[in-house]
$ cat target.txt   # compact mmCIF, C-alpha atoms and all ligand atoms
# COMPACT_ATOMS: atom_id res chain seq x y z
CA MET A 1 -15.87 -24.37 29.71
CA LEU A 2 -14.56 -22.78 32.92
CA GLU A 3 -11.33 -20.92 33.54
CA ILE A 4 -10.18 -19.40 36.80
CA LYS A 5 -7.26 -16.98 36.79
CA LYS A 6 -5.39 -15.71 39.84
CA LEU A 7 -8.22 -16.22 42.25
CA ASN A 8 -7.64 -14.89 45.76
CA ALA A 9 -10.34 -15.21 48.41
CA TYR A 10 -10.71 -14.01 51.98
CA TYR A 11 -12.84 -14.68 55.04
CA GLY A 12 -12.56 -11.42 56.96
CA LYS A 13 -8.83 -10.83 57.35
CA SER A 14 -7.86 -14.44 56.58
CA HIS A 15 -6.40 -14.85 53.12
CA ILE A 16 -7.63 -18.32 52.07
CA LEU A 17 -7.00 -18.79 48.33
CA TRP A 18 -3.73 -17.62 46.77
CA ASP A 19 -3.50 -17.08 43.00
CA VAL A 20 -5.53 -20.16 42.13
CA ASP A 21 -5.45 -20.96 38.39
CA LEU A 22 -7.72 -23.78 37.28
CA LYS A 23 -9.55 -24.96 34.17
CA ALA A 24 -12.45 -27.33 33.77
CA GLU A 25 -12.37 -28.45 30.12
CA GLN A 26 -15.55 -29.31 28.29
CA ASN A 27 -16.73 -32.93 28.66
CA MET A 28 -14.07 -33.81 31.17
CA ILE A 29 -14.11 -34.60 34.86
CA THR A 30 -11.67 -32.33 36.67
CA ALA A 31 -10.85 -33.04 40.30
CA LEU A 32 -9.60 -30.58 42.89
CA VAL A 33 -8.06 -32.64 45.66
CA GLY A 34 -6.42 -31.93 48.97
CA ARG A 35 -6.80 -32.57 52.68
CA ASN A 36 -9.34 -30.92 54.97
CA GLY A 37 -9.21 -27.16 55.25
CA MET A 38 -7.06 -26.60 52.15
CA GLY A 39 -9.58 -24.45 50.24
CA LYS A 40 -11.59 -26.85 48.06
CA THR A 41 -15.05 -25.74 49.22
CA THR A 42 -14.01 -22.09 49.12
CA THR A 43 -12.96 -22.48 45.47
CA LEU A 44 -16.36 -23.92 44.48
CA LYS A 45 -18.18 -21.22 46.47
CA CYS A 46 -16.21 -18.54 44.62
CA ILE A 47 -17.25 -20.01 41.26
CA MET A 48 -20.88 -20.08 42.40
CA GLY A 49 -20.77 -16.41 43.47
CA LEU A 50 -21.17 -17.22 47.16
CA ILE A 51 -18.03 -15.38 48.27
CA SER A 52 -17.79 -11.71 47.39
CA ASN A 53 -14.49 -10.97 49.11
CA LYS A 54 -12.28 -12.15 46.27
CA THR A 55 -10.12 -10.97 43.36
CA GLY A 56 -9.25 -12.61 40.06
CA GLU A 57 -11.12 -13.78 37.00
CA ILE A 58 -13.67 -16.54 36.59
CA VAL A 59 -14.74 -17.10 32.99
CA PHE A 60 -17.59 -19.47 32.13
CA LYS A 61 -18.40 -20.21 28.47
CA GLY A 62 -16.39 -17.11 27.51
CA GLU A 63 -18.21 -14.82 29.93
CA PRO A 64 -16.76 -13.26 33.10
CA ILE A 65 -18.91 -14.34 36.04
CA GLU A 66 -16.84 -13.26 39.04
CA LYS A 67 -19.12 -10.29 39.77
CA ARG A 68 -22.42 -12.03 39.18
CA PRO A 69 -24.78 -13.21 41.93
CA PRO A 70 -25.40 -16.96 42.47
CA TYR A 71 -28.83 -17.11 40.79
CA GLU A 72 -27.42 -15.61 37.57
CA ILE A 73 -24.51 -18.04 37.58
CA ALA A 74 -26.97 -20.92 38.01
CA LYS A 75 -29.09 -19.55 35.17
CA LEU A 76 -26.04 -19.44 32.89
CA GLY A 77 -25.69 -23.18 33.43
CA VAL A 78 -23.60 -23.91 36.51
CA GLY A 79 -25.05 -26.55 38.84
CA TYR A 80 -23.85 -26.89 42.42
CA VAL A 81 -23.96 -29.87 44.76
CA PRO A 82 -22.76 -28.42 48.09
CA ASP A 83 -21.13 -30.59 50.75
CA ASP A 84 -24.22 -30.24 52.95
CA LEU A 85 -26.31 -31.30 49.91
CA GLY A 86 -29.01 -28.66 50.18
CA ILE A 87 -32.02 -30.93 49.78
CA PHE A 88 -35.42 -30.16 51.31
CA PRO A 89 -35.79 -32.64 54.21
CA THR A 90 -39.58 -32.44 54.51
CA LEU A 91 -40.29 -32.80 50.79
CA THR A 92 -40.33 -36.16 49.04
CA VAL A 93 -37.58 -37.29 46.70
CA GLU A 94 -39.83 -36.61 43.72
CA GLU A 95 -40.81 -33.14 44.94
CA ASN A 96 -37.15 -32.29 45.49
CA ILE A 97 -36.31 -33.17 41.88
CA LEU A 98 -39.41 -31.51 40.40
CA ILE A 99 -38.78 -28.23 42.20
CA ALA A 100 -35.23 -28.06 40.85
CA SER A 101 -36.58 -28.79 37.41
CA TYR A 102 -39.33 -26.11 37.58
CA LEU A 103 -37.06 -23.43 39.01
CA SER A 104 -34.56 -23.80 36.21
CA LYS A 105 -35.75 -22.36 32.95
CA ARG A 106 -33.10 -24.32 31.09
CA GLU A 107 -34.01 -26.93 28.49
CA GLY A 108 -32.24 -30.25 28.12
CA VAL A 109 -32.38 -34.01 28.41
CA TRP A 110 -32.47 -34.08 32.19
CA ASP A 111 -35.90 -34.40 33.80
CA LEU A 112 -37.53 -36.59 36.42
CA GLU A 113 -37.46 -39.69 34.22
CA SER A 114 -33.83 -39.39 33.11
CA VAL A 115 -32.73 -38.75 36.71
CA TYR A 116 -34.63 -41.93 37.73
CA MET A 117 -32.91 -43.84 34.92
CA LEU A 118 -29.52 -42.74 36.20
CA PHE A 119 -30.39 -43.44 39.85
CA PRO A 120 -33.08 -46.20 39.92
CA LYS A 121 -32.87 -46.18 43.72
CA LEU A 122 -34.40 -42.70 43.74
CA LYS A 123 -37.41 -43.99 41.81
CA GLN A 124 -37.98 -46.65 44.46
CA LEU A 125 -37.75 -43.92 47.10
CA ARG A 126 -39.83 -41.36 45.19
CA ASN A 127 -42.34 -40.92 48.03
CA SER A 128 -39.81 -40.89 50.90
CA ARG A 129 -38.93 -37.61 52.53
CA GLY A 130 -35.50 -36.18 51.79
CA GLY A 131 -34.62 -36.13 55.47
CA HIS A 132 -35.19 -39.87 55.81
CA LEU A 133 -32.64 -40.98 53.19
CA SER A 134 -29.26 -42.57 53.92
CA GLY A 135 -26.07 -40.63 53.22
CA GLY A 136 -25.56 -42.25 49.80
CA GLU A 137 -29.19 -41.71 48.81
CA LYS A 138 -28.98 -38.05 49.80
CA LYS A 139 -25.89 -37.62 47.58
CA MET A 140 -27.76 -39.17 44.66
CA LEU A 141 -30.75 -36.90 45.27
CA SER A 142 -28.58 -33.82 45.50
CA ILE A 143 -26.83 -34.70 42.22
CA GLY A 144 -30.21 -35.54 40.66
CA ARG A 145 -31.56 -32.14 41.67
CA ALA A 146 -28.58 -30.38 40.10
CA LEU A 147 -28.99 -32.40 36.88
CA ALA A 148 -32.71 -31.64 36.65
CA ALA A 149 -31.76 -27.98 36.13
CA ASN A 150 -29.87 -29.04 32.95
CA PRO A 151 -26.52 -27.36 33.69
CA ASP A 152 -23.54 -27.35 31.31
CA LEU A 153 -21.12 -27.58 34.23
CA ILE A 154 -21.76 -29.21 37.57
CA LEU A 155 -19.69 -28.53 40.70
CA ILE A 156 -19.77 -31.41 43.20
CA ASP A 157 -18.22 -30.91 46.64
CA GLU A 158 -16.82 -34.13 48.16
CA PRO A 159 -19.17 -36.65 46.52
CA THR A 160 -17.68 -39.66 48.35
CA GLU A 161 -17.53 -38.18 51.86
CA GLY A 162 -19.00 -40.67 54.32
CA LEU A 163 -19.98 -43.25 51.68
CA ALA A 164 -19.33 -47.00 51.88
CA PRO A 165 -16.82 -48.33 49.27
CA LEU A 166 -19.49 -50.12 47.24
CA ILE A 167 -21.58 -46.96 46.93
CA VAL A 168 -18.46 -45.00 45.96
CA GLN A 169 -18.03 -47.38 43.01
CA THR A 170 -21.64 -46.97 41.90
CA LEU A 171 -21.30 -43.20 42.19
CA ALA A 172 -18.13 -43.25 40.06
CA GLU A 173 -20.05 -45.09 37.32
CA SER A 174 -22.92 -42.58 37.54
CA LEU A 175 -20.55 -39.62 37.21
CA LYS A 176 -18.99 -41.15 34.10
CA ARG A 177 -22.46 -41.53 32.60
CA ILE A 178 -23.27 -37.90 33.41
CA LYS A 179 -20.08 -36.88 31.62
CA GLU A 180 -20.93 -39.08 28.62
CA GLY A 181 -24.30 -37.31 28.51
CA GLY A 182 -22.42 -34.06 27.80
CA ILE A 183 -22.06 -32.38 31.19
CA THR A 184 -18.68 -31.08 32.34
CA ILE A 185 -17.85 -31.91 35.96
CA LEU A 186 -15.62 -30.18 38.49
CA LEU A 187 -15.47 -32.06 41.77
CA THR A 188 -13.48 -31.94 44.97
CA ASP A 189 -12.56 -35.02 46.97
CA GLN A 190 -10.05 -36.57 49.34
CA ASN A 191 -10.48 -40.18 48.23
CA ILE A 192 -7.58 -40.66 45.84
CA ASN A 193 -8.77 -44.03 44.52
CA PHE A 194 -12.10 -42.52 43.55
CA VAL A 195 -10.35 -39.55 41.96
CA LYS A 196 -8.09 -41.90 39.99
CA SER A 197 -11.07 -43.87 38.74
CA VAL A 198 -13.26 -40.97 37.57
CA SER A 199 -11.08 -37.97 36.70
CA ASP A 200 -9.42 -36.87 33.52
CA PHE A 201 -7.47 -34.01 35.04
CA VAL A 202 -6.35 -33.39 38.62
CA TYR A 203 -5.36 -30.32 40.62
CA ILE A 204 -3.80 -30.65 44.06
CA ILE A 205 -4.40 -27.82 46.51
CA GLU A 206 -2.55 -27.16 49.76
CA GLU A 207 -3.17 -24.20 52.04
CA GLY A 208 -5.04 -22.37 49.32
CA ARG A 209 -2.39 -22.81 46.65
CA ILE A 210 -2.37 -25.15 43.65
CA LYS A 211 0.72 -27.33 44.13
CA HIS A 212 0.36 -29.74 41.22
CA ARG A 213 -1.74 -30.16 38.12
CA GLY A 214 -1.75 -32.94 35.59
CA THR A 215 -3.66 -35.62 33.77
CA VAL A 216 -4.82 -38.48 35.93
CA GLU A 217 -2.13 -40.69 34.31
CA GLU A 218 0.58 -38.23 35.37
CA ILE A 219 -0.73 -38.17 38.93
CA LYS A 220 -0.95 -41.98 39.03
CA GLN A 221 2.74 -42.15 38.11
CA SER A 222 3.71 -39.88 41.00
CA PRO A 223 2.99 -41.78 44.22
CA GLU A 224 5.24 -39.33 46.11
CA ILE A 225 2.84 -36.49 45.28
CA ILE A 226 -0.10 -38.50 46.53
CA LEU A 227 1.73 -39.31 49.77
CA LYS A 228 2.71 -35.72 50.33
CA TYR A 229 -0.62 -34.02 49.73
CA LEU A 230 -3.29 -36.63 50.35
CA THR A 231 -4.42 -39.13 52.89
CA VAL A 232 -4.35 -42.60 51.37
N1 LIG B 301 -16.95 -19.26 56.91
C1 LIG B 301 -15.64 -19.26 57.20
N2 LIG B 301 -15.08 -18.30 57.96
C2 LIG B 301 -13.76 -18.29 58.24
N3 LIG B 301 -12.90 -19.22 57.80
C3 LIG B 301 -13.39 -20.21 57.05
C4 LIG B 301 -14.79 -20.30 56.71
N4 LIG B 301 -14.97 -21.41 55.94
C5 LIG B 301 -13.76 -21.98 55.83
N5 LIG B 301 -12.81 -21.29 56.48
C6 LIG B 301 -11.36 -21.61 56.52
O1 LIG B 301 -10.89 -21.56 55.18
C7 LIG B 301 -9.94 -22.59 54.95
C8 LIG B 301 -10.38 -23.39 53.76
O2 LIG B 301 -11.61 -24.04 54.05
P1 LIG B 301 -12.40 -24.93 53.00
O3 LIG B 301 -12.45 -24.22 51.70
O4 LIG B 301 -13.69 -25.30 53.62
O5 LIG B 301 -11.45 -26.20 52.85
P2 LIG B 301 -11.74 -27.67 52.31
O6 LIG B 301 -13.03 -27.63 51.58
O7 LIG B 301 -10.55 -27.99 51.45
O8 LIG B 301 -11.81 -28.57 53.50
C9 LIG B 301 -9.85 -23.38 56.26
O9 LIG B 301 -8.72 -22.91 56.95
C10 LIG B 301 -11.11 -23.03 56.97
O10 LIG B 301 -10.92 -23.08 58.37
MG MG B 302 -14.74 -28.75 51.88

$ encode --input "target.txt" --output "structure tokens" --more "lines below"
Ligand SMILES: Nc1ncnc2c1ncn2[C@@H]1O[C@H](COP(=O)(O)OP(=O)(O)O)[C@@H](O)[C@H]1O
Ligand SMILES: [Mg+2]
Amino acid sequence: MLEIKKLNAYYGKSHILWDVDLKAEQNMITALVGRNGMGKTTTLKCIMGLISNKTGEIVFKGEPIEKRPPYEIAKLGVGYVPDDLGIFPTLTVEENILIASYLSKREGVWDLESVYMLFPKLKQLRNSRGGHLSGGEKKMLSIGRALAANPDLILIDEPTEGLAPLIVQTLAESLKRIKEGGITILLTDQNINFVKSVSDFVYIIEEGRIKHRGTVEEIKQSPEIILKYLTV
């Protein structure tokens, strides 16, 4: 679905990503994990076309996208849930979802009703303003908005950041259902238990370099890797 080859990225003179190679296979959940400041958000921004100062290849559904602008990448079928969520605070939950749905010209199973089926809480809150939601509700809305555009691949930056453990569990179940519905997921996170429960494949990034890659079973069998690169 997505393949990144030798990606290098820069902010001004700072060299942030170093030869990052990464794949997100179709119908799998791939996790890019690492501590704060290691380059997770930068990697997702590169995929989305939000960082132009970069070299390397990014291939999505067989097509090179590394030189395309963000709106074209979205149109090709990449959804993005940024860490600051990007919802409209003064619009209602329902308006937020409908706008995402209208703006995308892509067809698919995801619409207002299927988003409400996945996140019943959002249906209860349909008339509340985006800015009035709790942290967990905002995450659900932001994911719902991305789904309403019917992407083939969805990039989710730190889905569990700031969420209570119970909500993290619910979110893990929702992500598995999204995957079962046929959407490929690439997420970043620091919560290793969450990553173990949802992912199929894991990449560990440190200081802009991929240090380990493996199936979730391989990572689970290497507690020393988890201790070295992650906060537990
Ligand atoms: N807009 C920016 N300008 C300059 N440096 C940045 C900017 N955004 C992030 N960085 C730096 O790039 C590195 C990687 O950041 P980031 O990709 O946000 O890491 P993560 O998402 O893993 O926490 C960090 O050292 C961070 O300070
Ligand atoms: Mg980040």

$ closest_residue --input "target.txt" --among "A:Met38, A:Ala24, A:Leu155, A:Ala164" --to "ligand MG 302 (chain B)" --atoms "only C-alpha atoms and all ligand atoms"
A:Met38

$ residues_near_point --input "target.txt" --point "(0.6, -34.8, 35.8)" --cutoff "12 Å" --atoms "only C-alpha atoms" --output "compact mmCIF listing (two decimals) with C-alpha atoms, keeping the file's coordinate frame"
# COMPACT_ATOMS: atom_id res chain seq x y z
CA LYS A 196 -8.09 -41.90 39.99
CA ASP A 200 -9.42 -36.87 33.52
CA PHE A 201 -7.47 -34.01 35.04
CA VAL A 202 -6.35 -33.39 38.62
CA TYR A 203 -5.36 -30.32 40.62
CA ILE A 204 -3.80 -30.65 44.06
CA LYS A 211 0.72 -27.33 44.13
CA HIS A 212 0.36 -29.74 41.22
CA ARG A 213 -1.74 -30.16 38.12
CA GLY A 214 -1.75 -32.94 35.59
CA THR A 215 -3.66 -35.62 33.77
CA VAL A 216 -4.82 -38.48 35.93
CA GLU A 217 -2.13 -40.69 34.31
CA GLU A 218 0.58 -38.23 35.37
CA ILE A 219 -0.73 -38.17 38.93
CA LYS A 220 -0.95 -41.98 39.03
CA GLN A 221 2.74 -42.15 38.11
CA SER A 222 3.71 -39.88 41.00
CA PRO A 223 2.99 -41.78 44.22
CA ILE A 225 2.84 -36.49 45.28
CA ILE A 226 -0.10 -38.50 46.53

$ residues_near_ligand --input "target.txt" --ligand "ligand LIG 301 (chain B)" --cutoff "10 Å" --atoms "all atoms listed in the file" --output "PyMOL selection string"
chain A and resi 9-17+32-46+51+83+157-158+188-190+205-208

$ write_last_selection --input "target.txt" --atoms "C-alpha atoms" --output "mmCIF file, keeping the file's coordinate frame"
data_model
loop_
_atom_site.group_PDB
_atom_site.id
_atom_site.type_symbol
_atom_site.label_atom_id
_atom_site.label_comp_id
_atom_site.auth_asym_id
_atom_site.auth_seq_id
_atom_site.Cartn_x
_atom_site.Cartn_y
_atom_site.Cartn_z
ATOM 1 C CA ALA A 9 -10.340 -15.210 48.410
ATOM 2 C CA TYR A 10 -10.710 -14.010 51.980
ATOM 3 C CA TYR A 11 -12.840 -14.680 55.040
ATOM 4 C CA GLY A 12 -12.560 -11.420 56.960
ATOM 5 C CA LYS A 13 -8.830 -10.830 57.350
ATOM 6 C CA SER A 14 -7.860 -14.440 56.580
ATOM 7 C CA HIS A 15 -6.400 -14.850 53.120
ATOM 8 C CA ILE A 16 -7.630 -18.320 52.070
ATOM 9 C CA LEU A 17 -7.000 -18.790 48.330
ATOM 10 C CA LEU A 32 -9.600 -30.580 42.890
ATOM 11 C CA VAL A 33 -8.060 -32.640 45.660
ATOM 12 C CA GLY A 34 -6.420 -31.930 48.970
ATOM 13 C CA ARG A 35 -6.800 -32.570 52.680
ATOM 14 C CA ASN A 36 -9.340 -30.920 54.970
ATOM 15 C CA GLY A 37 -9.210 -27.160 55.250
ATOM 16 C CA MET A 38 -7.060 -26.600 52.150
ATOM 17 C CA GLY A 39 -9.580 -24.450 50.240
ATOM 18 C CA LYS A 40 -11.590 -26.850 48.060
ATOM 19 C CA THR A 41 -15.050 -25.740 49.220
ATOM 20 C CA THR A 42 -14.010 -22.090 49.120
ATOM 21 C CA THR A 43 -12.960 -22.480 45.470
ATOM 22 C CA LEU A 44 -16.360 -23.920 44.480
ATOM 23 C CA LYS A 45 -18.180 -21.220 46.470
ATOM 24 C CA CYS A 46 -16.210 -18.540 44.620
ATOM 25 C CA ILE A 51 -18.030 -15.380 48.270
ATOM 26 C CA ASP A 83 -21.130 -30.590 50.750
ATOM 27 C CA ASP A 157 -18.220 -30.910 46.640
ATOM 28 C CA GLU A 158 -16.820 -34.130 48.160
ATOM 29 C CA THR A 188 -13.480 -31.940 44.970
ATOM 30 C CA ASP A 189 -12.560 -35.020 46.970
ATOM 31 C CA GLN A 190 -10.050 -36.570 49.340
ATOM 32 C CA ILE A 205 -4.400 -27.820 46.510
ATOM 33 C CA GLU A 206 -2.550 -27.160 49.760
ATOM 34 C CA GLU A 207 -3.170 -24.200 52.040
ATOM 35 C CA GLY A 208 -5.040 -22.370 49.320
#

$ closest_residue --input "target.txt" --among "A:Leu227, A:Val93, A:Pro82, A:Leu7" --to "ligand MG 302 (chain B)" --atoms "all atoms listed in the file"
A:Pro82

$ closest_residue --input "target.txt" --among "A:Thr160, A:Thr170, A:Leu22, A:Leu125" --to "Val59 of chain A" --atoms "all atoms listed in the file"
A:Leu22

$ closest_residue --input "target.txt" --among "A:Gly49, A:Gly182, A:Pro89, A:Gly162" --to "Asn150 of chain A" --atoms "only C-alpha atoms"
A:Gly182

$ residues_around --input "target.txt" --residues "Lys176 of chain A" --least-positions-apart "6" --cutoff "9 Å" --atoms "only C-alpha atoms" --output "list in words"
Ile29, Val198 and Ser199 of chain A

$ closest_residue --input "target.txt" --among "A:Asn8, A:Gln26, A:Thr92, A:Ser142" --to "Glu57 of chain A" --atoms "all atoms listed in the file"
A:Asn8

$ axis_aligned_box --input "target.txt" --around "segment 209-214 of chain A" --padding-each-side "8 Å" --output "lines of an AutoDock Vina configuration file"
center_x = -0.8
center_y = -27.9
center_z = 41.1
size_x = 19.1
size_y = 26.1
size_z = 27.1

$ closest_residue --input "target.txt" --among "A:Val81, A:Leu153, A:Leu98, A:Ala148" --to "ligand MG 302 (chain B)" --atoms "all atoms listed in the file"
A:Val81

$ atom_distance --input "target.txt" --atom1 "atom CA of Glu95 of chain A" --atom2 "atom CA of Ser128 of chain A"
9.8 Å

$ atom_distance --input "target.txt" --atom1 "atom CA of Glu137 of chain A" --atom2 "atom CA of Asn191 of chain A"
18.8 Å
